Structure formats: C-alpha cells, structure tokens
Amino acid sequence: MQGVRKNNYTKSLAILVIVIVLFFLPQYGSDYAISIGVLIFLYISLGQMWNLLGGYSGLVSLGQQIFVGIGGYTAALVTEVWHQSIAVSLVVAAGVSLVFAFIISFPIFKMRGVYFTIGTWIVSEALLVFFRNWKFVNYDAGYNITIAYRIPMSQIYHGALVIGIGSVVLVYLILRSRMGLALMSMRDNEGAAEVRGVRLYRTKLYCFVISSVYTAITGVVLYLNIAYIKPGAAFGIDWTVCMVFIVVIGGLGTIEGPIIGAVVYVILRQYLYSFPGISMVILGAVAVAIILLMPKGIMGAIHKKFGVEVFSVRRRIDERLEDGS
Amino acid sequence: MSELLRVEDLSIAFGNNQVLKGLSFEVNENEVLGIIGPNGAGKTVLLNILTGILKPDSGRIIYQGEDIAKTKIVERTYMGIGRTFQVPRSFEGMSVYENVMIGGVCGRQMTEKEAGAGADKILAQINMADKRDLLAGTLGLLDRKRLEIGVALASKPRLLLIDEAAGGLTESEVVSIIDIVRGAKEQGVTIIWIEHVLQTMIEGTDRTLCVAEGRNVICGNPRDVMDSPEVHAVYLGTEEDYADEGAGADNDIAKTGTAQALPPQDKTLLEISGLNVLHGDLQAIHDVSMRIERGHIVSIIGANGAGKSTLLNTVMGIHNPAGGTIVFEGDDITGKRTSAIAEKGLAMTPEGSRVFADMTVTENLLMGAYLPAAKKAKTEQLEKVFEMFPVLKEKSEQLASFLSGGQRQMLSIARAIMMNPKVVICDEISLGLAPVVIQDIYAKLKELNEQGLTFILVEQEIKRSLRHSDYSYVMVKGRIVLEGKSSELSRSDVSDAYFGINRFA
Amino acid sequence: MKKEMYRKILMVALCIVMVFAMAACGGGGSSTGDSSGGSNASTETTGGGEPSAPATTDKTEILVGFAAPLTGPLAIFMGPTPWVEALCLDAINNQNGGILVDGKQLPIRVIYADTESDSNKAMEAATKLVTQDKVDILVGAWTPVGANPISAVAERYEIPAFTFGAPEESWLEGGPYKWATGMHFNYDLLCTDIINMWNKLDTNKKVGFVLDTDVDGATGREVYTRMLEGTEYEIFDPGAYTIGTTDFTSMISKLKEANVEIITADMITPDFTTFWKQCHQYGYIPKVCTINKGMHYEADVENLGDDGGNGITFSSLWDKNFPFSSPLLGMSATEIADLWQSENEGFYPYSIGYDVAMYDILNDVLTRAGTLDKATLLDAILATDIDTVFGNLSFNENQCMVVPAIATQWLPGETFPFEKKVVSSETFPAIPSYDPIIIPATTQK
C-alpha cells in the first residue's frame, strides 16, 4: 500500500514541477521558444480532442476543422467587427459550436463507420464553400484579427498552456468517469456494449459535443496566434491531417500520445524549413517510418517496452501494485 | 412458482428460411431452463429476439407481465435481462475488472464504487479474482466464457440468457461452468441456458426444452426429455453416443477403414520428428514426433491448450518451428510457406469452419479449387462434392453466412476436398454440432477415407476420437503422452493420460 | 524494486528532455552572427519598441527574411526570384562591397521560409524568421495570403516589414499599420485605367460582368458598379459563377442576347480559357474583353489557339516598356527584361519588376539608415522617395507605395507569338500608351 501511495505522489509532484517550469517559460525563454510553446500546447489540445473521438470512442472524424474554423471566425467577428473582448469571443465560440455540433449530429450519427468519417469531411467542405460565398464573413477575403497584434505573446502563451493542460485534464477526467468506461467498451465492441446497457447514441453525442466545443475554444486561441483568417485556411483539411499525425504517431488511445505527437510534429516541422519543396515528403516518410517501426505510436512502443504509463486510465485497487516489491 | 417470461407463438424468417415457427414456452421464477436442439433450430435467434437484437415477425414476449416486443435493447437490460454470447464478446482492450464493471455501471447505472464492489464479488464467484487486471484480449477460452457470465451477472439480471457456455470446453471445465450457473441460481436469478453438451442439461437445469425446426418439441424434466421418443427422433442416437462403453467395442470405422488397400511401397505419408514450437517465450510444442500412414485416419486428442491447433498450424506452415522436421511424402516441408505446403496436397479445415461468409456456397467451394492442379478438376470435384453433401447442393446459391453451424462445417470439409488433397487435417469439426449431425459428418469422412483419402482429426472428445480412427495420439501441454492403435487403447487409459495421471513415464 | 526505479528515472528524464528541447529551440537552427544584446529591442515579449543602444559590430551580415510561397499554387510568382536575387545581390555585395551599417560594410543575405501558399503556415514561417533567425527586415509577398499574415507578425514583434504583390485595399484590411509597409497596386486606379481604355474604343457601351464568387469578384463588382454609375456605360450582370465551372454556355447566351460588347472578367486563367473557347464555339465575340487576375503570362495566351488571344486586354502589373530604370542595376526596364529573356526561356514574367524594385528599395533604405536598429530602419523606410522600375515611389499615409496596374493588350508579336502593349495609362502618365484595338473579327472560327 505504501509503495503505491509513494508512486502516485512522486508522479504527481513531477508533473506539477514540470507545469510550473513551463508556466514561467516567458520569463526565461526566447521569443522563439515561446512561439513554439504556443503551437505545441494548442496542438496538444487538438490532438487530445481528436483522440477522445477517434482513439477512445471509435468515431473517426475528418471534420474537426469545422470547429477550429468556428472558433477562429468567432474570434475574428467578435473582436474585429463587433469590437468585443476576447473573453466574449470564447463564450460565443463555445455557444455556437455547441449548437452546431448538435445540429450536425442528427444526420451524421445516422451514418456508421466509414460513412460517418466521410460525412464529417463533407460537412466541413460544405461549410468552407458556404463561408467563401457568405457576405457576413467577408466572403473569401477573411479578416485580419488586429487586436491580436497588441496582445503580449506571454499572454497568448499562457492561454495556450491553460488550454493544452486543460485538454489533458479533461480527457483524463472523462476517461476515469463512468462515461469513460462506456466509451472504451464502445470502442472495443459496440454490439456487446449496447447489450451491456450502454446508451450508444447518447454517449457518442456527449463525446462529440465535448470534443467539438473544446476544439472550437482551441480554435479561438489558434487564430489569435495567427491573427489572420480565411475560409480556406480555417476549414482546411490540413487541420485534420495535423491531428491525425499527432495522435497516430504519438499513440492512439493513450493520453500521453498526443502530447508526444504534438511535440514531435511541431519540432519536426521547424527543422523542415531547411528543406523547402520536399518538406512534405520528409514529413510523410517520417510518419510511415514510425508507423512501421512502432505501430502503436511512440507511446505505444514505450508502454510495451518499459511498461510506463504516465496517465493511466486503468482501474486498479490500491493494493495491487505493478512493481515487484 | 410464478411465471417470469412467457413466449407465445414466436415466428421469424430470414429470406426463405423460416427459422422459428410459432415457438411457445414459459419460464418460471428462479428456475434454470435448458434449451437443446439441433443446429439450425433457431436457439441463438431466440436469444437475439429476447434481448431485442432481432424483431420477430409475429408472436408475443411477456416479461414480468408486460409485452416487451417493442422495448429497445438498452431498456431490456435495465429491466433485468442479461445474456452471454456464444462466441464471447468481451472488451478486449479493457481489463477483466473493467469488463465486469461495465455491466454494473452501464447496465444498472451504479456509481463506480458500487460497481467496483459488485465486480469484486462477481470475480470471486466466477473464480477469476487473480486475473483481475489482465486484459480481456489475452485470456484463454474458459476464462473468456467465465468472464462472459460475470459481465452479464454484473448488471444484476433477473433473467439470464446463456448461449452455449460449455462449447469447446473439457469435461472438468464444464463442471466449473455448471457451478457458476448454480451459484447464480442460488442468488435468485432465473436462467435460460442453451447447450449442446447434454451432460450439462442433466446436471445443471431444472427443466429442459427441446426446440427443433423452430418449434417446441417437448419440455419437462431433463431426464424425461432426454429419454423421450421425440428427442430421440430429433437426435437419433443420443444414448449410443453417451452410454459408457468399454474398450474395443464397436469401433466401426477403425475396423473397416484399415482393411482397405494401403499403397504398398511407402506407407508413411507424413512424418513429424522432434518438433519444437515457441509462442513468443512460451514453448507450445515439446519434442513431438508422429507418423501418419497413408490411408489412415489418425486422431489427436487433447484438452484446450494442449497444443493441437498449434501443431496443425505448424504442419501447415502458419507457424515456424524452433526445431525438428516435418516431412511429407519424402519432401521436407518444415518452415515452408503455407501456399507451397497446400500445393503439395495438404488441406485443412480450420477450427470454427471459417467459411467466407459473404460468398455463396458455390463460390466458397470454388475457392477451394484455387490452386492450378485443383482448378483443372474443379467441375468434376464440384459434382462429387454435391453428391456427397446434398444439403450443400440445395443451398448452393445461398450466402455462407446463412448456413447453420453444421452446414458450415460440411462446407469447410467440402472446400478442403475441392483442393484434391492427399491428406485432410480437420481441426475440431464436431465443435458446437448436434450428435446426429456429427454422425453424418463422420460417415462422410469414412466414405472419403475408403476412397483413399488420409485424415488427421483433432478432437477433444475421447470416445468419438477412438471410435473413428485407426491410430491415436494423446497430447497434454504440448507433449505426446500416449499413442497407439485406437482399437487397442482403452478409454480409461486415454482419460488418465488426458488428465495427466502419469502412468506413462 | 529495480524496475520501479528504472521507470521513475525514465519518466523524469523524458520530462527534462522535453523542457530542454523547448528552451533550446531559442538558440538553435539558424546561422546568423548571433545575438549580441541590444540590436533587437523585441527580445522581451511585451510591447513598446523603444530604440536601444547602438548596435555592436558583431554582426557579419544583414539578414532579410522572406516568407515566400516556395511551394503551392502561388509558387509561380517566385519563378524569377532566384535570378533577380543573384543579379541584385551581386550588385550590392560584390560590386559595392555591401552596405555601410554601424561602421561596417555588411553584405545582405536573404533567407527564405516556405509559406506553402497557406496563410496559417505563412504566419509560422514569418514568426520563425523573426524569432529564430532574428532577421533585420521581414518581407512578404504575393496576394493577401502572402502579405497580410506577414504584416500581422511584423506588428506583433515590432519589426519592419515590406510586403508587395497584392491589392492595396485588401492589404489595408489588416491595418492601420505601424511596422508593416507595402508596395501594392490600387484597384480603383486599375479600374480607372480600364474604363479609360474602353473610352478609346467604339462600342455600344454595354458592359457585361463575368465575375467569380471569390473576394476579387466581389470587389470587382463593387468597384465597377461604383465607377460606372452616372456614366454612359450600362451594366449587365448575369450573376457570379463558381471558380472551376466548366460550362459557361448559359452565361454566354445571356450576354449574346443582351448584345453586350464589352466584357470585364475576373477569372483565373483556366476558367478564362474554358470561357473564351466556349464563346468562340457559340459564335459570340465581344468587341472588348478585359480580364483581371488572369492571362498575365504569354504562354496562357498561346493556349487560346493561334489567334484566339488576339486583342485580349488585361491589367498588367509591369511591362518592359516602362520608361524607368533600376538605380541599383543601372539598367532600364527594357534592358532587364531583355537580359532575362536572353538567359532564360520564354516571355519575361512581370514579377521581375517587383523583385528588382524590392532590392532597389532595400538597398536605398539600408544605406540611408546606416544602422540595423529597427525603429530607425522603419523611419528610413517610410521616408523613401526613389525612382524604380515602376517609376518614382514613395509611401502614402497608409504606408503603401502604389505601383501601376494599367490596361494592356495582347497583340501578335515579333519575337513571340504574342506580345503586350500598354493601351491606357492615364493614372500613371509617365508610361507611354498606344491605342487599343477592337478584337478582330478574324478570331472568330
């Protein structure tokens, strides 16, 4: 019993120390490190939310950029056109994405498996075309989010940090709750889950809505960082490519996976500036190599070899301990 | 005793196939009702209807006084109907403990704490407390079946539907399942138990219902039902199969088979020497040597986990041995690719028949004639096969997924024959089949054997194996512990070897 | 117990590595004569760019960071850039020995970061140039996707930026700017020139719109409608079309029925090619066809068939017949274009003008500033008054230098199947113009 308590304390302490160190990065880090940090934390959030859908609930979505776009455009419209604060844009983004997620769930959830996946992509492409032709959002011209120029990078960084860490916490709490058990059982065997009493539709819906709303909030800060938005960029499939890369390379169905994946993705792309023109080829080759060598992603490989799990979702009694002591 | 469930006049058809034809019966509170019946009788379909996965074409289902025909699956679970699946459907990526918790958390809306406490009790009940944190995907068959029941119990059902929990298990393993079911009954659960293993009906149920051709044929006290002329008519040969026989009696195939012509020169068709096979770190096969003679039927007997399937798969080239050789007709085929081995004339019907479910019967058979040599002879082989298995001819344009278990097994064998092989390896072809169907299949095997085809049969059932083979090997934990001419081996010798009583050093 | 320790150590090690990787990103990667303190006032994150102490002379080069579309659909604009860069940097670095800055003669080096023609990536590329490579000036170009995100990054990190190759109105949507400057064309002026050209021709004054649903189409509609109001021109608008449409026949029949003799089109080249061919098939040849956004390249005109492109007018952004020169190269526009044609294949691309002008301006600004201090550089930029291959350029109150976009017409040429002639330049009178012609009936097949 003692051993486990100590184990948990050490782990929690280590995590706390890291978070504090990262929090104070603006004090001692370079501008470059801060800008990288913003990207990493926001991508961690995107990855965690995609993982919640795809890695844990079995809902593979190619359309989460819908919500990135909704978040970004909310930030643009609220601050540029209506001159309200960023806090207002966060609230509005959450509200709009909530409603939109519910609305599209009706048709989308009628589809299963591959059809669901394609369905999500279709909705995002449709939204893209719609925005291009919509006067309300300035057609294809988009907006410069000028308020974002004056926000100190340290604030954007802290915002990203909160969102990134928040996403990890959120996913952890969900998976450790009853809904988490239901999600994992649905992922393993939907038919059996239903017979065991899992309300499939309801559970999928909650999961989808939570993931989408949080993605939208992440989108707000993403676009405060970029400070310029156009329909093609906001609703582009590139966002999904990024999410899938992060989750699959990092480790599908693990909480640590998207964290590792985001770090690898951002840092790798920084190095690829030295190889313009073939940067995409290299990125693809790296992805293929990792998948071949480590089919369960980097975290999967670490877990297999060393049995390490930082954020475990397994339910264990305190007496049961994984070391040999 | 009050009535918990009543089924009235239930009918359902799939396409042209009328599976249930006005089935009616009732189940009383806290009783264990066993349901037996030949394959294709509609037993699993019945369970699917009771749980809500299928909708009947007509009929009523009255549970706790209400007609639940329109109730959704999830609702029925909340109302206290739980079930196990014939092929266990556990949540592979979750631990045993978590699997059981799902039953409580989702089936009964309990909090995690309550569900956890309940799960511990259930794990003790099904004797799997020590396997608590193992991932369900890593479990063996008996454990999965026990887990299946455990998960169903976790949702605190009033009515528990068990679908063939004993299939594929050895006699001692079946006993542990019966104990678990008894324990559940003591807790007040009402149970409907579908089984093929007739022993469980007698020992484990209060009443037995026999369903055949979609109808209630007879229902009553288990022994009475077993003895009844109706059930005899359905099964044809219940008593013969399960009456205790002494050694050497009635080995029809064994006696007649070997008398047929054996090719004079080289009698040995397949020779395995000193085979060692590893599964990761685990040694699955230890130093196994066998010789199969042309024209023989050789049986390999052993419990679950004895290594029989591993052995067969190694012969077929699916696993690579760590040591030893396999020689077929003088050629060393050790470690060769499976396709090359198949071309040499070895065919296999894998465990669970594994037909191509989305292809028709004919297409499945034509797949058997895939290799160039077989392709040439395919039309005649097809005719030959249809002659031998008329039921396949009847269903030749139906999708294989619509066949019953026994018909699939026949299809699997027929497909192997289409390969025009020299030896057919049959991995547990009687699993899950009714005795009359098994008799039928073995008769066909005998026919084929008389025409010169060699067979290697892997079975769990001792009596049957001895009766139908020329030579037998008994395997325990990857080793051969006993071998000999089937006619000379006594049932008790084999049982002892099987259960590890070491009279043979 | 050992396994437990091993795991703990591994976890802690992993965490330390992650933290260091992030912090280390600050120093790694680029090759510049690395930081000496003061020259960058923006090392700390909060606002207020106050000039710091004069730069030390530790620097070995002047770094210009160009966030450019090296890949993607906009990459075509970057075609002649390497050639121009080689030519101009040779002049600056080798012939003049660099620029006198903070007491040292320093060469200019241009670093590129690929924006992949995507605005999201453009921001990241520009940020990397500013924070990691620590460039002295940021450059961004080609369409608002290239200009606007770079301007945003410049404003955020308070570094002077020079953007070009977009419509002034679109660029200004991101303003008002303090640190970002632009060299762009003005849509209103462009329309003025086009209408002037139409005035020179004998037509029934009926103008038909063939505009796409893109923002350029919407802008075009707005500007033309506004500028043609109260004039003798009559507008006929059959409605906008979606980019990538392959069937224009219904639109063409409406135009023909309405007897429209002047077409003003905002189309990308592939769409226009399809449209124009279908016009011929339908037997509808307007007297005037003006296209924005497309048909800037001679090869595209050849694609319309032997005679199909004869007489098409468009808004050209630079022409070798501009009577201007580059002070840095000491060559006239004509000489530069001819030089390109002698060293490369095909008709000269107009983007050469922009690239050359950029180096002219950079050279001038750095020389006048004499320092790499950002605030001083910005002042020097805004004070620019220089003759370039676009003529004399200086910044207006929007921090933009307006470059010509004048009406030009493709006509059969001598060296190449088609060559372009400026046919209306009233907004930039220094540029000589010829009379336009009505599209010859011979182009009808």
# chains A, B, ... in the order shown; residues from 1 in each chain; ligands from 1
>>> select_by_dssp(residues="region 139-185 of chain A", states="helix (DSSP H, G or I)", output="PyMOL selection string")
chain A and resi 147-150+153-175+178-185
>>> atom_distance(atom1="CA of Pro436 (chain C)", atom2="CA of Val389 (chain C)")
23.5 Å
>>> select_by_dssp(residues="region 162-284 of chain C", states="strand (DSSP E)", output="PyMOL selection string")
chain C and resi 162-167+180-185+206-211+234-236+262-266
>>> atom_distance(atom1="CA of Pro238 (chain C)", atom2="CA of Asn138 (chain A)")
21.7 Å
>>> interface_residues(of="chain A", to="chain C", cutoff="6 Å", atoms="only C-alpha atoms", output="ChimeraX atom specification")
/A:29-33,139-141,144,149,152-153,226,228,277,323-325
>>> interface_residues(of="chain B", to="chain A", cutoff="6 Å", atoms="only C-alpha atoms", output="list in words")
Val74, Thr77, Phe91, Gly103, Cys106 and Gly107 of chain B
>>> write_last_selection(atoms="C-alpha atoms", output="CSV table (one decimal), in the first residue's frame")
chain,number,residue,atom,x,y,z
B,74,VAL,CA,-30.8,-1.0,-23.7
B,77,THR,CA,-31.0,-4.6,-20.0
B,91,PHE,CA,-14.0,-5.8,-24.4
B,103,GLY,CA,-22.1,-4.5,-16.5
B,106,CYS,CA,-24.0,0.8,-17.6
B,107,GLY,CA,-26.4,-2.0,-17.1
